[in-house]
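File shown: upload.txt. Contents: compact mmCIF, C-alpha atoms and all ligand atoms.
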# COMPACT_ATOMS: atom_id res chain seq x y z
CA MET A 1 72.13 93.85 94.25
CA GLU A 2 72.32 97.63 94.67
CA ASN A 3 73.02 100.07 91.84
CA PHE A 4 76.70 100.92 91.48
CA ASN A 5 79.41 102.65 89.45
CA PHE A 6 82.74 100.90 89.16
CA TYR A 7 85.66 103.11 88.15
CA SER A 8 89.24 101.84 88.10
CA PRO A 9 91.15 103.89 85.53
CA THR A 10 94.68 102.89 86.56
CA GLU A 11 96.91 101.11 84.05
CA PHE A 12 98.51 98.16 85.85
CA VAL A 13 101.96 97.24 84.57
CA PHE A 14 102.61 93.79 86.01
CA GLY A 15 105.62 91.49 86.04
CA ARG A 16 109.36 91.05 86.33
CA GLY A 17 111.51 94.07 85.59
CA ARG A 18 108.61 96.31 84.68
CA GLU A 19 109.91 99.13 86.95
CA ASN A 20 112.46 99.78 84.21
CA GLU A 21 109.56 101.09 82.13
CA SER A 22 108.52 103.70 84.71
CA GLY A 23 109.89 106.58 82.65
CA LYS A 24 107.95 105.43 79.61
CA TYR A 25 104.68 105.47 81.58
CA VAL A 26 105.39 108.83 83.23
CA LYS A 27 105.81 110.22 79.72
CA LYS A 28 102.64 108.51 78.51
CA TYR A 29 100.68 110.21 81.27
CA GLY A 30 102.12 113.66 80.64
CA GLY A 31 104.83 114.01 83.31
CA SER A 32 107.76 116.26 82.45
CA LYS A 33 109.07 117.19 85.91
CA VAL A 34 108.69 114.45 88.47
CA LEU A 35 108.87 114.22 92.25
CA ILE A 36 110.16 110.76 93.19
CA HIS A 37 108.72 110.05 96.62
CA TYR A 38 110.02 107.12 98.68
CA GLY A 39 110.33 105.71 102.17
CA GLY A 40 112.92 104.97 104.81
CA GLY A 41 115.53 103.29 102.67
CA SER A 42 114.48 99.86 101.34
CA ALA A 43 114.14 101.20 97.79
CA VAL A 44 117.61 102.75 98.01
CA ARG A 45 119.24 99.61 99.43
CA SER A 46 117.70 97.31 96.83
CA GLY A 47 118.87 99.50 93.95
CA LEU A 48 115.26 100.06 92.86
CA LEU A 49 115.48 103.82 93.13
CA ASP A 50 118.52 103.90 90.82
CA ARG A 51 116.70 101.78 88.25
CA VAL A 52 113.67 104.07 88.36
CA LYS A 53 115.87 107.15 87.96
CA ALA A 54 117.67 105.52 85.01
CA SER A 55 114.32 104.91 83.33
CA LEU A 56 113.38 108.59 83.77
CA ASP A 57 116.79 109.65 82.44
CA ALA A 58 116.27 107.42 79.42
CA GLU A 59 113.10 109.35 78.58
CA GLY A 60 114.77 112.74 79.23
CA ILE A 61 112.48 113.44 82.21
CA SER A 62 113.95 115.53 85.02
CA PHE A 63 113.14 114.87 88.65
CA ALA A 64 113.38 116.01 92.24
CA GLU A 65 113.44 113.58 95.17
CA LEU A 66 111.84 113.36 98.58
CA GLY A 67 112.53 110.31 100.72
CA GLY A 68 111.85 109.61 104.38
CA VAL A 69 108.18 108.61 104.35
CA GLN A 70 107.62 106.59 107.49
CA PRO A 71 104.99 103.88 107.98
CA ASN A 72 101.76 105.59 109.07
CA PRO A 73 102.85 108.63 107.02
CA ARG A 74 102.90 112.05 108.67
CA ASP A 75 101.44 115.40 107.69
CA THR A 76 104.80 117.11 108.33
CA LEU A 77 106.47 115.45 105.32
CA VAL A 78 103.40 116.17 103.18
CA TYR A 79 103.82 119.91 103.83
CA LYS A 80 107.48 119.61 102.82
CA GLY A 81 106.51 117.77 99.65
CA ILE A 82 103.92 120.38 98.68
CA GLU A 83 106.46 123.17 99.06
CA LEU A 84 109.09 121.24 97.11
CA CYS A 85 106.69 120.55 94.24
CA ARG A 86 105.71 124.22 94.02
CA ASN A 87 109.31 125.43 94.12
CA GLU A 88 110.49 122.92 91.53
CA GLY A 89 107.51 123.15 89.17
CA VAL A 90 106.70 119.46 89.56
CA ASP A 91 103.83 118.19 87.38
CA PHE A 92 103.84 114.44 88.21
CA ILE A 93 104.50 112.48 91.41
CA LEU A 94 106.02 109.02 91.29
CA ALA A 95 105.58 107.02 94.50
CA VAL A 96 108.19 104.27 94.93
CA GLY A 97 107.19 102.17 97.92
CA GLY A 98 104.22 100.84 99.84
CA GLY A 99 100.91 102.23 101.02
CA SER A 100 102.55 104.84 103.22
CA VAL A 101 104.59 106.31 100.37
CA ILE A 102 101.65 106.18 97.97
CA ASP A 103 99.30 107.83 100.47
CA SER A 104 101.82 110.56 101.18
CA ALA A 105 102.22 111.11 97.42
CA LYS A 106 98.44 111.40 97.06
CA ALA A 107 98.26 113.96 99.86
CA ILE A 108 101.01 116.03 98.23
CA ALA A 109 99.33 115.71 94.83
CA ALA A 110 96.09 117.12 96.23
CA GLY A 111 97.79 119.75 98.36
CA VAL A 112 99.86 121.26 95.55
CA LEU A 113 96.73 122.33 93.66
CA TYR A 114 94.91 123.63 96.74
CA ASP A 115 95.22 127.10 98.28
CA GLY A 116 94.23 126.04 101.79
CA ASP A 117 95.67 123.52 104.25
CA PHE A 118 95.81 120.04 102.70
CA TRP A 119 94.57 118.62 106.04
CA ASP A 120 91.11 119.97 105.10
CA PHE A 121 90.88 116.93 102.81
CA TYR A 122 91.39 114.67 105.82
CA SER A 123 88.73 116.52 107.79
CA GLY A 124 85.84 116.00 105.39
CA ARG A 125 86.55 118.21 102.35
CA HIS A 126 86.42 116.36 99.02
CA VAL A 127 89.48 116.33 96.75
CA GLU A 128 88.37 117.75 93.38
CA LYS A 129 91.74 117.82 91.64
CA ALA A 130 95.28 116.59 92.17
CA LEU A 131 98.55 116.31 90.29
CA PRO A 132 98.75 113.00 88.41
CA ILE A 133 100.58 110.24 90.27
CA GLY A 134 102.23 106.99 89.28
CA VAL A 135 103.29 104.09 91.51
CA VAL A 136 106.09 101.56 91.69
CA LEU A 137 104.80 99.19 94.38
CA THR A 138 107.17 97.40 96.77
CA ILE A 139 104.76 95.67 99.18
CA ALA A 140 101.42 93.93 98.65
CA ALA A 141 99.21 95.28 101.40
CA ALA A 142 97.26 98.55 101.49
CA GLY A 143 95.97 98.39 97.92
CA SER A 144 96.62 102.12 97.53
CA GLU A 145 98.05 101.36 94.07
CA GLY A 146 94.50 100.74 92.88
CA SER A 147 92.40 102.73 95.34
CA GLY A 148 91.37 106.38 95.45
CA ASN A 149 92.14 106.54 99.16
CA SER A 150 94.88 108.02 101.27
CA VAL A 151 95.45 107.82 105.03
CA ILE A 152 97.68 110.36 106.83
CA THR A 153 98.58 110.89 110.48
CA LYS A 154 98.64 114.40 111.92
CA GLU A 155 101.58 114.56 114.31
CA ASP A 156 99.84 117.06 116.52
CA GLY A 157 97.41 114.88 118.47
CA LEU A 158 98.30 111.71 116.51
CA LEU A 159 95.11 111.83 114.47
CA LYS A 160 95.01 109.23 111.71
CA ARG A 161 92.43 110.15 109.09
CA GLY A 162 91.57 109.17 105.52
CA THR A 163 90.22 110.74 102.39
CA GLY A 164 88.93 109.29 99.13
CA SER A 165 88.49 110.64 95.62
CA ASP A 166 88.81 109.36 92.07
CA ALA A 167 91.17 112.30 91.51
CA LEU A 168 93.67 110.42 93.71
CA ARG A 169 93.74 107.24 91.66
CA SER A 170 97.12 106.46 90.19
CA ARG A 171 97.53 106.87 86.40
CA PHE A 172 99.69 103.75 86.29
CA SER A 173 100.97 101.30 88.87
CA VAL A 174 103.96 99.05 88.31
CA LEU A 175 103.55 95.73 90.12
CA ASP A 176 106.73 93.65 89.99
CA PRO A 177 106.36 90.74 92.44
CA GLU A 178 110.15 90.35 92.61
CA LEU A 179 110.37 93.71 94.38
CA THR A 180 108.50 92.22 97.34
CA GLN A 181 111.04 89.43 97.86
CA THR A 182 113.16 91.67 100.11
CA LEU A 183 110.32 92.15 102.59
CA PRO A 184 110.84 90.86 106.13
CA ALA A 185 108.40 88.00 106.91
CA TYR A 186 106.59 90.21 109.43
CA GLN A 187 105.83 92.90 106.83
CA THR A 188 104.72 90.25 104.34
CA ALA A 189 102.29 88.88 106.94
CA CYS A 190 101.04 92.37 107.87
CA GLY A 191 100.33 92.99 104.20
CA ALA A 192 98.51 89.68 103.82
CA THR A 193 96.34 90.47 106.84
CA ASP A 194 95.44 93.88 105.43
CA ILE A 195 94.50 92.32 102.09
CA MET A 196 92.17 89.84 103.80
CA ALA A 197 90.70 92.62 105.94
CA HIS A 198 89.91 94.70 102.83
CA VAL A 199 87.85 91.79 101.58
CA PHE A 200 86.12 91.11 104.91
CA GLU A 201 85.10 94.77 105.27
CA ARG A 202 83.08 94.23 102.07
CA TYR A 203 82.08 90.60 102.64
CA PHE A 204 80.13 91.37 105.81
CA THR A 205 77.20 93.17 104.27
CA ASN A 206 73.49 93.51 104.84
CA THR A 207 72.77 93.40 101.10
CA ARG A 208 71.40 90.06 99.94
CA GLU A 209 71.91 88.17 96.70
CA VAL A 210 75.23 89.56 95.47
CA GLU A 211 76.59 86.14 94.63
CA ILE A 212 79.15 87.32 92.08
CA THR A 213 80.74 89.71 94.61
CA ASP A 214 80.65 87.07 97.38
CA ARG A 215 82.43 84.61 95.13
CA LEU A 216 85.07 87.14 94.08
CA CYS A 217 85.70 87.90 97.76
CA GLU A 218 86.09 84.21 98.52
CA ALA A 219 88.50 83.76 95.61
CA VAL A 220 90.79 86.44 97.05
CA LEU A 221 90.52 85.05 100.58
CA LEU A 222 91.24 81.47 99.47
CA THR A 223 94.23 82.70 97.48
CA MET A 224 95.61 84.46 100.54
CA VAL A 225 95.08 81.42 102.78
CA LYS A 226 96.98 79.28 100.27
CA GLU A 227 99.77 81.63 99.18
CA THR A 228 100.71 83.48 102.38
CA PRO A 229 102.25 80.46 104.17
CA ARG A 230 104.14 79.67 100.96
CA VAL A 231 105.88 83.06 100.84
CA ILE A 232 106.55 83.04 104.57
CA ALA A 233 108.28 79.66 104.12
CA ASP A 234 109.95 80.61 100.84
CA PRO A 235 110.30 84.41 100.40
CA ASP A 236 111.65 84.04 96.84
CA ASN A 237 108.66 82.10 95.53
CA TYR A 238 107.82 84.34 92.57
CA ASP A 239 104.47 82.78 91.71
CA ALA A 240 103.15 82.97 95.26
CA ARG A 241 104.40 86.59 95.49
CA ALA A 242 102.70 87.34 92.16
CA ASN A 243 99.36 85.93 93.28
CA ILE A 244 99.50 87.91 96.52
CA MET A 245 100.47 91.13 94.74
CA TRP A 246 97.53 90.93 92.38
CA ALA A 247 95.21 89.85 95.20
CA GLY A 248 96.21 93.01 97.08
CA MET A 249 95.09 95.15 94.18
CA VAL A 250 91.87 93.23 93.55
CA ALA A 251 91.02 93.38 97.26
CA HIS A 252 90.94 97.16 97.35
CA ASN A 253 90.25 98.75 93.97
CA GLY A 254 86.55 98.36 94.71
CA ILE A 255 85.58 95.36 92.59
CA VAL A 256 84.97 92.99 95.53
CA GLY A 257 82.60 95.50 97.10
CA VAL A 258 80.26 96.42 94.27
CA GLY A 259 76.49 96.16 94.60
CA ARG A 260 76.40 96.00 98.38
CA SER A 261 76.71 97.89 101.65
CA GLN A 262 80.09 97.60 103.38
CA ASP A 263 81.31 97.81 106.98
CA TRP A 264 84.81 99.34 107.64
CA ASN A 265 84.55 99.34 111.43
CA SER A 266 87.63 97.15 111.90
CA HIS A 267 89.67 99.66 109.90
CA GLY A 268 88.37 102.61 111.89
CA ILE A 269 89.01 100.84 115.19
CA GLU A 270 92.48 99.72 114.04
CA HIS A 271 93.53 103.16 112.82
CA GLU A 272 93.42 104.41 116.40
CA LEU A 273 95.92 101.70 117.35
CA SER A 274 98.40 102.49 114.58
CA ALA A 275 98.00 106.21 115.32
CA LEU A 276 98.70 105.83 119.05
CA TYR A 277 101.35 103.08 119.02
CA ASP A 278 102.75 103.49 115.50
CA CYS A 279 102.27 99.75 114.93
CA ALA A 280 101.86 98.26 111.45
CA HIS A 281 98.29 98.64 110.18
CA GLY A 282 98.07 94.93 109.25
CA ALA A 283 99.24 93.83 112.70
CA GLY A 284 96.59 96.02 114.30
CA LEU A 285 93.96 94.46 112.05
CA ALA A 286 95.08 90.96 113.07
CA VAL A 287 94.15 91.87 116.62
CA ILE A 288 90.95 93.81 115.89
CA MET A 289 89.27 91.96 113.03
CA PRO A 290 88.64 88.60 114.77
CA ALA A 291 87.52 90.50 117.91
CA TRP A 292 85.07 92.52 115.80
CA MET A 293 83.84 89.27 114.22
CA GLU A 294 83.20 87.71 117.62
CA PHE A 295 81.31 90.78 118.75
CA VAL A 296 79.01 91.07 115.70
CA HIS A 297 78.61 87.43 114.56
CA SER A 298 75.12 87.01 116.03
CA HIS A 299 73.87 89.82 113.75
CA ASP A 300 74.05 87.37 110.82
CA VAL A 301 75.25 83.95 111.91
CA MET A 302 74.70 82.39 108.50
CA ARG A 303 77.05 84.86 106.81
CA PHE A 304 79.77 83.87 109.24
CA CYS A 305 78.95 80.22 108.54
CA GLN A 306 79.43 80.96 104.85
CA MET A 307 82.89 82.33 105.58
CA ALA A 308 83.67 79.39 107.88
CA THR A 309 82.65 76.70 105.39
CA ARG A 310 83.79 78.27 102.12
CA VAL A 311 87.03 79.93 103.23
CA PHE A 312 88.23 78.00 106.28
CA GLY A 313 86.88 74.56 105.38
CA CYS A 314 84.64 74.12 108.44
CA GLN A 315 81.89 71.47 108.53
CA MET A 316 78.44 73.03 108.77
CA ASN A 317 76.66 72.30 112.05
CA PHE A 318 73.00 72.59 111.02
CA GLU A 319 71.72 72.00 114.54
CA ASP A 320 73.74 74.87 115.98
CA PRO A 321 75.06 77.20 113.26
CA GLU A 322 76.72 79.45 115.83
CA VAL A 323 79.23 76.66 116.51
CA THR A 324 80.28 76.81 112.86
CA ALA A 325 80.41 80.61 112.83
CA LEU A 326 82.65 80.73 115.90
CA GLU A 327 84.85 77.93 114.57
CA GLY A 328 85.41 79.97 111.38
CA ILE A 329 86.50 82.98 113.42
CA ARG A 330 88.75 80.77 115.55
CA ARG A 331 90.41 79.36 112.41
CA PHE A 332 90.92 82.88 111.04
CA ARG A 333 92.70 83.93 114.25
CA GLU A 334 94.74 80.72 114.23
CA PHE A 335 95.75 81.40 110.61
CA LEU A 336 96.88 84.92 111.51
CA HIS A 337 98.92 83.55 114.40
CA SER A 338 100.48 80.91 112.13
CA ILE A 339 101.84 83.60 109.80
CA GLY A 340 103.37 85.49 112.71
CA MET A 341 100.74 88.07 113.55
CA PRO A 342 99.89 89.24 117.07
CA ILE A 343 96.50 88.12 118.35
CA ASN A 344 95.89 90.42 121.32
CA LEU A 345 96.64 93.98 122.41
CA ALA A 346 99.62 92.99 124.57
CA GLU A 347 101.31 91.15 121.69
CA LEU A 348 100.79 94.26 119.57
CA GLY A 349 102.40 96.46 122.22
CA ALA A 350 99.13 98.18 123.11
CA ARG A 351 97.83 98.78 126.63
CA GLU A 352 94.44 97.85 128.02
CA GLU A 353 94.48 101.06 130.12
CA ASP A 354 94.43 103.09 126.90
CA ILE A 355 91.08 101.69 125.75
CA PRO A 356 89.07 104.73 126.95
CA LEU A 357 91.45 107.04 125.06
CA LEU A 358 91.24 104.90 121.90
CA VAL A 359 87.44 105.00 122.05
CA GLU A 360 87.42 108.74 122.66
CA LYS A 361 89.64 109.45 119.64
CA LEU A 362 87.54 107.35 117.26
CA GLY A 363 85.24 109.54 115.20
CA LEU A 364 81.67 108.31 115.47
CA GLY A 365 78.87 109.26 113.06
CA GLU A 366 76.23 111.90 113.69
CA ASP A 367 74.04 109.31 115.40
CA GLY A 368 76.92 108.46 117.75
CA ARG A 369 77.51 105.22 115.93
CA THR A 370 79.92 103.90 113.31
CA GLY A 371 80.09 101.26 110.56
CA GLY A 372 77.84 99.65 108.01
CA PHE A 373 77.21 95.99 108.92
CA VAL A 374 76.41 96.62 112.57
CA ARG A 375 76.21 100.26 113.70
CA LEU A 376 78.46 100.31 116.76
CA SER A 377 78.17 102.66 119.73
CA SER A 378 81.24 103.79 121.68
CA GLU A 379 80.30 101.19 124.30
CA ASP A 380 80.40 98.48 121.60
CA VAL A 381 83.79 99.70 120.40
CA ARG A 382 85.08 99.58 123.98
CA GLU A 383 83.95 95.95 124.19
CA ILE A 384 85.71 95.07 120.92
CA TYR A 385 88.99 96.51 122.26
CA SER A 386 88.38 94.47 125.43
CA ILE A 387 87.83 91.26 123.45
CA ALA A 388 91.05 92.08 121.57
CA SER A 389 92.79 92.49 124.89
CA ARG A 390 91.64 89.08 126.23
CA ALA A 391 92.08 87.13 122.97
CA SER A 392 94.05 83.89 123.01
CA LEU A 393 94.19 80.80 120.82
O1 LIG A 401 110.22 102.77 104.29
P1 LIG A 401 110.91 101.57 103.73
O2 LIG A 401 112.35 101.53 104.02
O3 LIG A 401 110.58 101.35 102.29
O4 LIG A 401 110.33 100.29 104.56
C1 LIG A 401 108.99 99.86 104.47
C2 LIG A 401 108.22 100.04 105.77
O5 LIG A 401 109.08 100.00 106.87
C3 LIG A 401 108.98 98.37 104.30
N1 LIG A 401 109.07 97.95 102.91
C4 LIG A 401 108.23 98.25 101.91
N2 LIG A 401 108.58 97.60 100.79
C5 LIG A 401 109.69 96.88 101.09
C6 LIG A 401 110.00 97.11 102.46
N3 LIG A 401 111.06 96.53 103.06
C7 LIG A 401 111.82 95.70 102.33
N4 LIG A 401 111.56 95.42 101.01
C8 LIG A 401 110.50 95.99 100.38
N5 LIG A 401 110.24 95.66 99.11
O6 LIG A 401 107.73 97.94 104.81
C9 LIG A 401 107.33 98.82 105.84
C10 LIG A 401 105.86 99.13 105.69
O7 LIG A 401 105.60 99.92 104.56
P2 LIG A 401 104.21 100.67 104.40
O8 LIG A 401 104.23 101.43 103.14
O9 LIG A 401 103.90 101.41 105.66
O10 LIG A 401 103.18 99.44 104.33
P3 LIG A 401 101.73 99.33 103.77
O11 LIG A 401 101.71 99.17 102.30
O12 LIG A 401 101.09 98.29 104.58
O13 LIG A 401 101.04 100.75 104.06
C11 LIG A 401 100.47 101.02 105.33
C12 LIG A 401 99.77 102.35 105.31
O14 LIG A 401 98.68 102.33 104.36
C13 LIG A 401 97.47 102.73 105.03
C14 LIG A 401 97.68 102.22 106.43
O15 LIG A 401 96.80 102.78 107.35
C15 LIG A 401 99.12 102.62 106.67
O16 LIG A 401 99.23 103.99 107.00
N6 LIG A 401 96.32 102.23 104.28
C16 LIG A 401 96.05 102.81 103.09
C17 LIG A 401 94.97 102.45 102.32
C18 LIG A 401 94.69 103.11 101.03
N7 LIG A 401 95.39 104.18 100.71
O17 LIG A 401 93.82 102.69 100.26
C19 LIG A 401 94.01 101.42 102.77
C20 LIG A 401 94.52 100.60 103.90
O18 LIG A 401 93.41 100.06 104.57
C21 LIG A 401 95.41 101.30 104.87
O19 LIG A 401 94.66 101.99 105.86
ZN ZN A 402 93.75 98.29 105.36
If you convert what's in this file into structure tokens, what do you get?
Amino acid sequence: MENFNFYSPTEFVFGRGRENESGKYVKKYGGSKVLIHYGGGSAVRSGLLDRVKASLDAEGISFAELGGVQPNPRDTLVYKGIELCRNEGVDFILAVGGGSVIDSAKAIAAGVLYDGDFWDFYSGRHVEKALPIGVVLTIAAAGSEGSGNSVITKEDGLLKRGTGSDALRSRFSVLDPELTQTLPAYQTACGATDIMAHVFERYFTNTREVEITDRLCEAVLLTMVKETPRVIADPDNYDARANIMWAGMVAHNGIVGVGRSQDWNSHGIEHELSALYDCAHGAGLAVIMPAWMEFVHSHDVMRFCQMATRVFGCQMNFEDPEVTALEGIRRFREFLHSIGMPINLAELGAREEDIPLLVEKLGLGEDGRTGGFVRLSSEDVREIYSIASRASL
């Protein structure tokens, strides 16, 4: 096991009706003038936004509002938010929505306290300070409610880039599973896929003997395999929603990655898809992650066998372990298909002809390679997109 720090300072406020306490927690964490940031309308339609406002009113906290965050959030709205916060003297940002809203809130929070262009933070500059943020989560997916990360798309050139800093971690995050019951099945499945991908990015490691972290990863994966079909079949199943919501946080606040190297190539390769086609991040991962697995499995066949046997219930073939490894990947893809996810580029709405452009836009490291489990060249990435293009059940 490698040395590590684990820092997760967010207060998680979990359970039915807890969004009505938002005002109380904003006050606890020092907010006196709040920007309520939200998305394209689901929080308005469900009445959630009104409940959150009532809870701020009850604490005597004034607020401004900025809605309209779109999935794969854009830099243009971030600039608007920064200006609004400065004009209104905002000292706390409350994100009401999913990963896109939270990430946009984080970008605004960092940008308000910075003299330069906030995009610098998405081009390599580290965020040292940011306005405090709070979260009322409406979809279990990105894990931004517990992470220090934010991903924004620059409209000019459709560049999707991320940043990470402990300064961006939410002070509190309200997780009410009931709020996710209004999600369309497709969005629920996209979220589930993203949660599993956050675990796999950490599970496929070159660090040996981190049993505790392996087992935590497998606990989250097994939970997702069990609970996702239940909520797809029965969207109002509170307990299944609750397990998924907490799994989404655990998958990405860092705890299932401690003590080991991590990969993150599937995320990097996917981000080019959601940047170019504006598809849901989870749907892009459903297409890329199994293709990445097929491409790299021979690097450590036994690790893929571990996934296959422990998560997908495969029988171990000791004479030919590769059979087991490939069967595990096949079952993962089949699972994704069963919950309604696309399994190849065409089903995602992406074009094979764009593969050279996708590869060109992907930022590779200084050595011309990317990722932590297997360092991929641009040629390797091209092959992964090609596998994703050919994939079938
Ligand atoms: O905008 P509204 O109307 O709210 O609709 C949203 C949106 O269309 C809808 N939705 C959310 N909650 C709902 C609901 N509809 C009905 N009922 C509800 N309760 O769902 C759609 C998707 O929302 P979005 O916030 O985009 O989803 P998600 O949480 O998956 O966030 C995706 C973004 O997060 C980034 C992704 O790249 C993508 O840009 N990620 C952020 C990470 C982080 N900050 O740590 C890590 C991830 O790997 C990921 O890259
Ligand atoms: Zn993700």
Nearby residues (all atoms listed in the file) at most 9 Å from segment 223-225 of chain A, same-chain spacing under 3 positions excluded, as a PDB file with C-alpha atoms, keeping the file's coordinate frame:
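selection.pdb, freshly written:
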ATOM      1  CA  ALA A 192      98.510  89.680 103.820  1.00  0.00           C
ATOM      2  CA  THR A 193      96.340  90.470 106.840  1.00  0.00           C
ATOM      3  CA  ILE A 195      94.500  92.320 102.090  1.00  0.00           C
ATOM      4  CA  MET A 196      92.170  89.840 103.800  1.00  0.00           C
ATOM      5  CA  GLU A 218      86.090  84.210  98.520  1.00  0.00           C
ATOM      6  CA  ALA A 219      88.500  83.760  95.610  1.00  0.00           C
ATOM      7  CA  VAL A 220      90.790  86.440  97.050  1.00  0.00           C
ATOM      8  CA  THR A 228     100.710  83.480 102.380  1.00  0.00           C
ATOM      9  CA  PRO A 229     102.250  80.460 104.170  1.00  0.00           C
ATOM     10  CA  ASN A 243      99.360  85.930  93.280  1.00  0.00           C
ATOM     11  CA  ILE A 244      99.500  87.910  96.520  1.00  0.00           C
ATOM     12  CA  ALA A 247      95.210  89.850  95.200  1.00  0.00           C
ATOM     13  CA  VAL A 311      87.030  79.930 103.230  1.00  0.00           C
ATOM     14  CA  PHE A 312      88.230  78.000 106.280  1.00  0.00           C
ATOM     15  CA  PHE A 335      95.750  81.400 110.610  1.00  0.00           C
TER      16      PHE A 335
END
Checklist entry - Which residues sit within 10 Å of ligand ZN 402 (chain A), counting all atoms listed in the file, listed as number ranges by chain? => result A: 99, 141-144, 151, 190-199, 201, 251-252, 264, 266-268, 270-271, 281-282, 284-285
Using only C-alpha atoms, please write the residues we just selected to a file, as a short mmCIF file (atom, residue, chain, number, x, y, z; two decimals), keeping the file's coordinate frame.
data_model
loop_
_atom_site.label_atom_id
_atom_site.label_comp_id
_atom_site.auth_asym_id
_atom_site.auth_seq_id
_atom_site.Cartn_x
_atom_site.Cartn_y
_atom_site.Cartn_z
CA GLY A 99 100.91 102.23 101.02
CA ALA A 141 99.21 95.28 101.40
CA ALA A 142 97.26 98.55 101.49
CA GLY A 143 95.97 98.39 97.92
CA SER A 144 96.62 102.12 97.53
CA VAL A 151 95.45 107.82 105.03
CA CYS A 190 101.04 92.37 107.87
CA GLY A 191 100.33 92.99 104.20
CA ALA A 192 98.51 89.68 103.82
CA THR A 193 96.34 90.47 106.84
CA ASP A 194 95.44 93.88 105.43
CA ILE A 195 94.50 92.32 102.09
CA MET A 196 92.17 89.84 103.80
CA ALA A 197 90.70 92.62 105.94
CA HIS A 198 89.91 94.70 102.83
CA VAL A 199 87.85 91.79 101.58
CA GLU A 201 85.10 94.77 105.27
CA ALA A 251 91.02 93.38 97.26
CA HIS A 252 90.94 97.16 97.35
CA TRP A 264 84.81 99.34 107.64
CA SER A 266 87.63 97.15 111.90
CA HIS A 267 89.67 99.66 109.90
CA GLY A 268 88.37 102.61 111.89
CA GLU A 270 92.48 99.72 114.04
CA HIS A 271 93.53 103.16 112.82
CA HIS A 281 98.29 98.64 110.18
CA GLY A 282 98.07 94.93 109.25
CA GLY A 284 96.59 96.02 114.30
CA LEU A 285 93.96 94.46 112.05
#
Item to check | Expected selection as a ChimeraX atom specification for ligand LIG 401 (chain A) within 6 Å, all atoms listed in the file | outcome: /A:39-43,70-73,97-101,103,138-139,141-144,147,149-151,179-180,182-183,187,191,281
Next on the checklist: Can you tell me which residues surround Leu362 of chain A at a distance of at most 10 Å, considering all atoms listed in the file, apart from same-chain residues fewer than 6 positions away, and format the answer as a count of residues only?
Outcome noted: 11
Checklist entry - With all atoms listed in the file as the atoms that count, which of A:Ser173, A:Ile152, A:Glu2, A:Ile329 lies nearest to Thr213 of chain A? => result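 Between A:Ser173, A:Ile152, A:Glu2, A:Ile329, the residue approaching Thr213 of chain A most closely is A:Glu2.
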Could you give me, as CSV, a per-residue list for segment 204-311 of chain A showing, wherever an atom lies at most 12 Å from an atom of segment 11-21 of chain A, the closest pair of atoms and their distance in Å to one decimal, using all atoms listed in the file and sorting by chain then residue number from low to high?
residue,atom,partner,partner_atom,distance
A:Tyr238,CA,A:Arg16,CA,9.3
A:Asp239,CA,A:Gly15,CA,10.5
A:Arg241,CA,A:Gly15,CA,10.7
A:Ala242,CA,A:Gly15,CA,8.0
A:Asn243,CA,A:Gly15,CA,11.1
A:Met245,CA,A:Phe14,CA,9.4
A:Trp246,CA,A:Phe14,CA,8.6
A:Met249,CA,A:Phe12,CA,9.5
A:Val250,CA,A:Phe12,CA,11.3
A:Asn253,CA,A:Phe12,CA,11.6
Item to check | Distance criterion (all atoms listed in the file): nearest to Thr309 of chain A out of A:Ile355, A:Cys85, A:Leu222, A:Leu345 | outcome: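 Distance minimum relative to Thr309 of chain A lands on A:Leu222.
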Checklist entry - How would you write as JSON, numbers by chain the residues that get within 7 Å of (102.9, 114.1, 93.1) in the file's frame, counting all atoms listed in the file? => result {"A": [35, 92, 93, 94, 105, 106, 108, 109, 131, 132, 133]}
Next on the checklist: Please compute the atom CA of Gly328 of chain A-atom CA of Tyr203 of chain A distance, one decimal, in Å.
Outcome noted: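 Separating atom CA of Gly328 of chain A from atom CA of Tyr203 of chain A is a distance of 14.2 Å.
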Item to check | Nearest-residue call for Asp115 of chain A, choices A:Ala325, A:Leu137, A:Ala346, A:Ile82, using all atoms listed in the file | outcome: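 Between A:Ala325, A:Leu137, A:Ala346, A:Ile82, the residue approaching Asp115 of chain A most closely is A:Ile82.
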